[in-house]
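Novice: So that we are looking at the same thing, I have put the structure below in structure tokens.
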Amino acid sequence: MTDPACSVDEHRSRVLEGVRALDPEVVPLAEALGRVLAADVAAALSVPPFDHAAMDGFAVRAADVAAVPVSLPVTGAVAAGDAVTPLAPGTAVRIMTGAPVPPEADLVVPFEWTSGADPVEIRERADAGRHIRFEGEDVRAGEVALAAGARLGPAQLGLLTSVGASSVPVHARPRVAVLSTGAELVVGQVPDSNSPTLVAAARDAGADAAAFGPAPDDLAGFRALLATAVEAADVVVTTGGISAGDHDVVKAALRDDPAFWFGPVAMKPGRPQGCGVVVASDGRRVPVVTLPGTPIAAYAAFLLYVVPLLHALGGIRWLPPRAPLAAAVQAGDRTVLLPAVLSDASGAVAPLPGHAGHSQRLLAAADALLVVPPSGRLLPEGTFVEVLALHPRPQEGLHG
């Protein structure tokens with residue numbers, strides 16, 4: 001009797017069961033792009049680090065220019081990086097943007113509001129504090145500049161530099177081993193497209209990845225390569241060898257292991273799936289996700305199951321991205337994955353015409369895969385569905 005198929009969500013939960021973020025490591029800021037903070041980072045320096053001029057102009061005491069016009073002698077000039085002395089009452093100092101504001105000065109009058117000469121005539125009044133950026137008004141020394149869980153992009157790295165950080169604690173980058181199987185791949189009858197595709201997909205998800213196959217269709221050869229991959233990786237992904245055929249080496253090697261599950265998932269393409277855990281020699285429990293061998297099914301299943309796993313290991317909060325349909329789609333009795341394109345700036349997606357289950361050319365032309373849930377009904381235009389992004393175009397994206 002054939003086992004009933006589980007849902008996509010059930011299998012995704014199975015793959016993620018018991019997974020926790022990898023132990024953190026400290027890396028220099030130059031190596032932290034794309035990483036996730038494992039702990040809060042407190043500011044060692046205030047931002048700005050001192051009171052400074054927000055515009056070119058004259059530093060004055062607001063009380064001296066309460067009534068305008070008024071002329072004040074100019075006692076000096078200060079630029080960024082200069083040392084300063086207190087401002088005497090009834091005087092002005094010429095000041096450049098970014099320069100420290102002299103003690104006792106509490107206002108910067110822009111050049112445009114003055115005669116620009118010495119003595120300088122102030123022609124417009126302003127309240128104290130105008131055109132000054134005060135020490136710590138953005139971030140004060142000692143307070144949390146970035147909280148744990150923040151993903152480090154260019155802006156975050158800039159902030160961390162400004163608050164005095166030179167290195168940061170981040171979650172380790174997951175290491176992925178991709179192990180394709182099949183005698184036809186080993187002898188070169190069919191090119192192994194799964195390995196480069198999934199290695200690239202893993203790197204795109206923020207992991208380090210390498211190919212360890214293809215593995216032959218014999219148990220000893222596969223087990224030896226699997227053992228090598230487990231020692232070198234935090235996640236092993238296999239492709240092929242999990243159906244019911246005579247040469248399905250992955251299933252034959254692992255199906256009697258109680259730490260593994262194999263069975264059908266109600267999805268198209270990619271019905272046969274599996275997953276489990278292998279313990280490495282150092283005691284690490286390494287997840288093994290076994291995917292179908294058909295290239296479209298392998299890639300779709302990788303995006304559905306392995307990417308959330310990599311995010312969990314890397315300390316990244318993962319939520320299924322969703323987008324509205326640009327055209328009506330007929331749902332079936334199981335989850336269907338359809339190559340699609342972003343149709344407009346709103347992020348709406350439309351399925352591409354063609355045979356979705358086997359065409360690598362169709363997949364290469366797509367921006368995303370639609371995850372159409374099983375309902376047996378027509379999903380009207382505008383319905384939000386889960387969308388697996390492949391290579392979004394610049395300035396476009398998917399709704400979170």
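We name chains A, B, ... following the order of the structure tokens; residues begin at 1 in each chain, and ligands are numbered from 1 as shown.
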Which of segment 94-293 of chain A counts as helix (DSSP H, G or I) under DSSP, as a PyMOL selection string please?
Specialist: chain A and resi 111-113+154-162+183-186+194-204+219-232+249-254
Novice: Write the residues you've just listed into a file as a CSV table (one decimal), in the first residue's frame, and include N, CA and C atoms for each of them.
Specialist:
chain,number,residue,atom,x,y,z
A,111,PHE,N,26.0,81.0,5.9
A,111,PHE,CA,26.6,82.1,5.1
A,111,PHE,C,25.5,82.9,4.4
A,112,GLU,N,24.5,82.2,3.9
A,112,GLU,CA,23.5,82.9,3.1
A,112,GLU,C,22.7,83.9,3.9
A,113,TRP,N,22.8,83.8,5.3
A,113,TRP,CA,22.0,84.8,6.1
A,113,TRP,C,22.9,85.9,6.6
A,154,PRO,N,25.4,47.1,3.9
A,154,PRO,CA,26.3,48.3,3.9
A,154,PRO,C,26.0,49.3,5.0
A,155,ALA,N,24.7,49.7,5.2
A,155,ALA,CA,24.3,50.7,6.2
A,155,ALA,C,24.7,50.3,7.6
A,156,GLN,N,24.4,49.0,7.9
A,156,GLN,CA,24.7,48.5,9.2
A,156,GLN,C,26.2,48.5,9.5
A,157,LEU,N,27.0,48.1,8.5
A,157,LEU,CA,28.5,48.1,8.6
A,157,LEU,C,29.0,49.6,8.8
A,158,GLY,N,28.4,50.5,8.1
A,158,GLY,CA,28.7,51.9,8.3
A,158,GLY,C,28.4,52.4,9.8
A,159,LEU,N,27.3,52.0,10.3
A,159,LEU,CA,26.9,52.4,11.7
A,159,LEU,C,27.9,51.8,12.6
A,160,LEU,N,28.2,50.5,12.5
A,160,LEU,CA,29.1,49.8,13.4
A,160,LEU,C,30.5,50.5,13.4
A,161,THR,N,30.9,50.9,12.2
A,161,THR,CA,32.2,51.6,12.1
A,161,THR,C,32.2,52.9,12.9
A,162,SER,N,31.1,53.6,12.7
A,162,SER,CA,30.9,54.9,13.4
A,162,SER,C,30.9,54.8,14.9
A,183,ALA,N,24.6,6.7,-11.9
A,183,ALA,CA,25.7,6.2,-12.7
A,183,ALA,C,25.8,7.0,-14.0
A,184,GLU,N,24.7,7.5,-14.5
A,184,GLU,CA,24.7,8.2,-15.8
A,184,GLU,C,25.5,9.5,-15.6
A,185,LEU,N,25.6,10.1,-14.4
A,185,LEU,CA,26.4,11.3,-14.2
A,185,LEU,C,27.9,10.9,-14.0
A,186,VAL,N,28.1,9.8,-13.3
A,186,VAL,CA,29.5,9.4,-13.1
A,186,VAL,C,30.2,9.1,-14.4
A,194,ASN,N,22.7,19.4,-11.5
A,194,ASN,CA,22.2,19.7,-10.1
A,194,ASN,C,23.3,20.3,-9.2
A,195,SER,N,24.5,19.7,-9.4
A,195,SER,CA,25.6,20.2,-8.5
A,195,SER,C,25.9,21.7,-8.6
A,196,PRO,N,26.1,22.2,-9.8
A,196,PRO,CA,26.4,23.6,-9.9
A,196,PRO,C,25.2,24.5,-9.6
A,197,THR,N,24.0,24.0,-9.9
A,197,THR,CA,22.8,24.7,-9.6
A,197,THR,C,22.6,24.9,-8.1
A,198,LEU,N,22.7,23.8,-7.3
A,198,LEU,CA,22.4,23.8,-5.9
A,198,LEU,C,23.6,24.5,-5.1
A,199,VAL,N,24.8,24.3,-5.6
A,199,VAL,CA,25.9,25.0,-5.0
A,199,VAL,C,25.7,26.5,-5.1
A,200,ALA,N,25.3,27.0,-6.3
A,200,ALA,CA,25.1,28.4,-6.5
A,200,ALA,C,23.9,28.9,-5.6
A,201,ALA,N,22.8,28.0,-5.5
A,201,ALA,CA,21.7,28.4,-4.7
A,201,ALA,C,22.0,28.5,-3.3
A,202,ALA,N,22.9,27.6,-2.8
A,202,ALA,CA,23.3,27.7,-1.4
A,202,ALA,C,24.1,28.9,-1.1
A,203,ARG,N,25.0,29.3,-2.0
A,203,ARG,CA,25.8,30.5,-1.8
A,203,ARG,C,24.9,31.7,-1.9
A,204,ASP,N,23.9,31.7,-2.8
A,204,ASP,CA,23.0,32.8,-2.9
A,204,ASP,C,22.2,33.0,-1.6
A,219,LEU,N,26.2,1.1,-3.0
A,219,LEU,CA,26.1,1.5,-1.6
A,219,LEU,C,27.4,1.9,-1.0
A,220,ALA,N,28.5,1.1,-1.2
A,220,ALA,CA,29.7,1.5,-0.6
A,220,ALA,C,30.3,2.8,-1.1
A,221,GLY,N,30.2,3.0,-2.4
A,221,GLY,CA,30.7,4.3,-2.9
A,221,GLY,C,29.9,5.5,-2.4
A,222,PHE,N,28.6,5.3,-2.4
A,222,PHE,CA,27.8,6.4,-1.9
A,222,PHE,C,28.0,6.7,-0.4
A,223,ARG,N,28.1,5.6,0.4
A,223,ARG,CA,28.3,5.8,1.8
A,223,ARG,C,29.6,6.5,2.1
A,224,ALA,N,30.7,6.2,1.3
A,224,ALA,CA,32.0,6.8,1.5
A,224,ALA,C,31.9,8.3,1.2
A,225,LEU,N,31.3,8.6,0.1
A,225,LEU,CA,31.2,10.1,-0.2
A,225,LEU,C,30.3,10.8,0.8
A,226,LEU,N,29.2,10.2,1.3
A,226,LEU,CA,28.4,10.8,2.3
A,226,LEU,C,29.1,11.0,3.6
A,227,ALA,N,29.9,10.1,4.0
A,227,ALA,CA,30.7,10.2,5.2
A,227,ALA,C,31.7,11.4,5.1
A,228,THR,N,32.3,11.5,3.9
A,228,THR,CA,33.2,12.6,3.7
A,228,THR,C,32.5,14.0,3.7
A,229,ALA,N,31.3,14.0,3.1
A,229,ALA,CA,30.5,15.3,3.1
A,229,ALA,C,30.1,15.7,4.5
A,230,VAL,N,29.7,14.7,5.3
A,230,VAL,CA,29.2,15.0,6.6
A,230,VAL,C,30.3,15.6,7.5
A,231,GLU,N,31.5,15.1,7.3
A,231,GLU,CA,32.6,15.7,8.1
A,231,GLU,C,33.0,17.1,7.7
A,232,ALA,N,32.7,17.5,6.5
A,232,ALA,CA,33.1,18.8,6.0
A,232,ALA,C,32.0,19.8,6.0
A,249,VAL,N,20.1,4.6,-4.8
A,249,VAL,CA,21.1,4.3,-3.8
A,249,VAL,C,20.9,5.0,-2.5
A,250,VAL,N,20.4,6.3,-2.6
A,250,VAL,CA,20.3,7.1,-1.4
A,250,VAL,C,19.3,6.4,-0.4
A,251,LYS,N,18.2,6.1,-1.0
A,251,LYS,CA,17.1,5.4,-0.2
A,251,LYS,C,17.5,4.1,0.3
A,252,ALA,N,18.2,3.3,-0.5
A,252,ALA,CA,18.7,2.0,-0.1
A,252,ALA,C,19.7,2.1,1.0
A,253,ALA,N,20.5,3.1,1.0
A,253,ALA,CA,21.6,3.2,2.0
A,253,ALA,C,21.1,3.7,3.3
A,254,LEU,N,20.0,4.5,3.3
A,254,LEU,CA,19.5,5.2,4.5
A,254,LEU,C,18.1,4.9,5.1
Novice: Residues of segment 124-185 of chain A that approach segment 311-320 of chain A to 8 Å or less, counting only C-alpha atoms: could you list each one with the shortest pair of atoms and its distance in Å to one decimal, rows by chain and increasing residue number, as a Markdown table?
Specialist:
| residue | atom | partner | partner_atom | distance |
| --- | --- | --- | --- | --- |
| A:Gly149 | CA | A:Gly315 | CA | 6.8 |
| A:Arg151 | CA | A:Ile316 | CA | 7.6 |
| A:His171 | CA | A:Gly314 | CA | 5.6 |
| A:Ala172 | CA | A:Gly314 | CA | 6.2 |
| A:Arg173 | CA | A:Gly314 | CA | 5.8 |
| A:Pro174 | CA | A:Gly314 | CA | 6.2 |
Novice: Determine, counting only C-alpha atoms, which protein, DNA and RNA residues have an atom within 10 Å of an atom of Phe134 of chain A; residues of the same chain fewer than 4 positions away are not included. Present the result as a PDB file with N, CA and C atoms, in the first residue's frame.
Specialist:
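Below you can see result05.pdb, which holds the result:
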ATOM      1  N   SER A  46      30.060  57.812  20.596  1.00  0.00           N
ATOM      2  CA  SER A  46      28.805  58.466  20.255  1.00  0.00           C
ATOM      3  C   SER A  46      28.806  58.839  18.782  1.00  0.00           C
ATOM      4  N   VAL A  47      27.596  58.934  18.219  1.00  0.00           N
ATOM      5  CA  VAL A  47      27.429  59.405  16.846  1.00  0.00           C
ATOM      6  C   VAL A  47      26.402  60.544  16.874  1.00  0.00           C
ATOM      7  N   PRO A  48      26.799  61.758  16.487  1.00  0.00           N
ATOM      8  CA  PRO A  48      28.154  62.223  16.189  1.00  0.00           C
ATOM      9  C   PRO A  48      29.052  62.173  17.421  1.00  0.00           C
ATOM     10  N   PRO A  49      30.378  62.158  17.219  1.00  0.00           N
ATOM     11  CA  PRO A  49      31.281  62.068  18.371  1.00  0.00           C
ATOM     12  C   PRO A  49      31.461  63.386  19.104  1.00  0.00           C
ATOM     13  N   PHE A  50      31.053  64.509  18.510  1.00  0.00           N
ATOM     14  CA  PHE A  50      31.132  65.817  19.154  1.00  0.00           C
ATOM     15  C   PHE A  50      30.133  66.742  18.465  1.00  0.00           C
ATOM     16  N   ASP A  51      29.815  67.872  19.114  1.00  0.00           N
ATOM     17  CA  ASP A  51      28.945  68.865  18.487  1.00  0.00           C
ATOM     18  C   ASP A  51      29.656  69.437  17.262  1.00  0.00           C
ATOM     19  N   HIS A  52      28.990  69.441  16.118  1.00  0.00           N
ATOM     20  CA  HIS A  52      29.633  69.991  14.924  1.00  0.00           C
ATOM     21  C   HIS A  52      28.641  70.741  14.059  1.00  0.00           C
ATOM     22  N   ALA A  53      29.186  71.555  13.173  1.00  0.00           N
ATOM     23  CA  ALA A  53      28.356  72.391  12.312  1.00  0.00           C
ATOM     24  C   ALA A  53      27.689  71.557  11.234  1.00  0.00           C
ATOM     25  N   ALA A  54      26.409  71.827  11.037  1.00  0.00           N
ATOM     26  CA  ALA A  54      25.676  71.131   9.977  1.00  0.00           C
ATOM     27  C   ALA A  54      25.734  71.891   8.664  1.00  0.00           C
ATOM     28  N   PRO A 100      34.120  71.192  14.587  1.00  0.00           N
ATOM     29  CA  PRO A 100      33.598  71.240  15.948  1.00  0.00           C
ATOM     30  C   PRO A 100      33.115  72.639  16.307  1.00  0.00           C
ATOM     31  N   VAL A 101      31.972  72.695  16.994  1.00  0.00           N
ATOM     32  CA  VAL A 101      31.419  73.979  17.423  1.00  0.00           C
ATOM     33  C   VAL A 101      32.181  74.457  18.658  1.00  0.00           C
ATOM     34  N   GLY A 129      20.703  76.206  18.965  1.00  0.00           N
ATOM     35  CA  GLY A 129      20.713  74.811  18.519  1.00  0.00           C
ATOM     36  C   GLY A 129      20.543  74.626  17.034  1.00  0.00           C
ATOM     37  N   ASP A 138      22.395  60.882  17.494  1.00  0.00           N
ATOM     38  CA  ASP A 138      22.017  59.677  16.743  1.00  0.00           C
ATOM     39  C   ASP A 138      22.178  58.437  17.622  1.00  0.00           C
TER      40      ASP A 138
END
Novice: What parts of segment 236-378 of chain A does DSSP call strand (DSSP E)? I'd like the answer as a ChimeraX atom specification.
Specialist: /A:236-239,260-264,267-268,272-279,285-291,322-324,329-330,335-342,349-351,368-372,378
Novice: Each residue of segment 169-219 of chain A lying at most 8 Å from segment 288-297 of chain A should get a row with its shortest atom-to-atom pair and the distance in Å to one decimal, counting only C-alpha atoms; could you produce that, ordered by chain and increasing number, as CSV?
Specialist:
residue,atom,partner,partner_atom,distance
A:Ser180,CA,A:Gly293,CA,7.7
A:Thr181,CA,A:Gly293,CA,7.8
A:Ser193,CA,A:Pro295,CA,7.0
A:Asn194,CA,A:Pro295,CA,5.8
Novice: Could you please determine the separation between atom CA of Pro119 of chain A and atom CA of Ser71 of chain A in Å, to one decimal place?
Specialist: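 Taking atom CA of Pro119 of chain A and atom CA of Ser71 of chain A, their separation equals 6.0 Å.
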Novice: What separation in Å, quoted to one decimal, exists between atom CA of Cys275 of chain A and atom CA of Ser243 of chain A?
Specialist: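 Atom CA of Ser243 of chain A lies 13.3 Å from atom CA of Cys275 of chain A.
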Novice: Which is closer to Val277 of chain A than all the others in A:Val15, A:Ala148, A:Cys6, A:Ala21, using only C-alpha atoms?
Specialist: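 Using only C-alpha atoms, Val277 of chain A sits closest to A:Val15.
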Novice: Under the rule that only C-alpha atoms are counted, which of A:Ser167, A:Thr335, A:Thr114, A:Thr85 is the nearest residue to Glu25 of chain A?
Specialist: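 For Glu25 of chain A, the nearest of the given residues is A:Ser167.
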Novice: Just to confirm, what's the straight-line distance from atom CA of Ala215 of chain A to atom CA of Thr238 of chain A in Å (one decimal)?
Specialist: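 About the pair atom CA of Ala215 of chain A and atom CA of Thr238 of chain A: they are 9.6 Å apart.
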Novice: Pick out the closest residue to Ala177 of chain A from this set: A:Gly206, A:Gly240, A:Pro287, A:Pro216. Count only C-alpha atoms.
Specialist: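 Checking each candidate against Ala177 of chain A, we get A:Pro287 as the closest.
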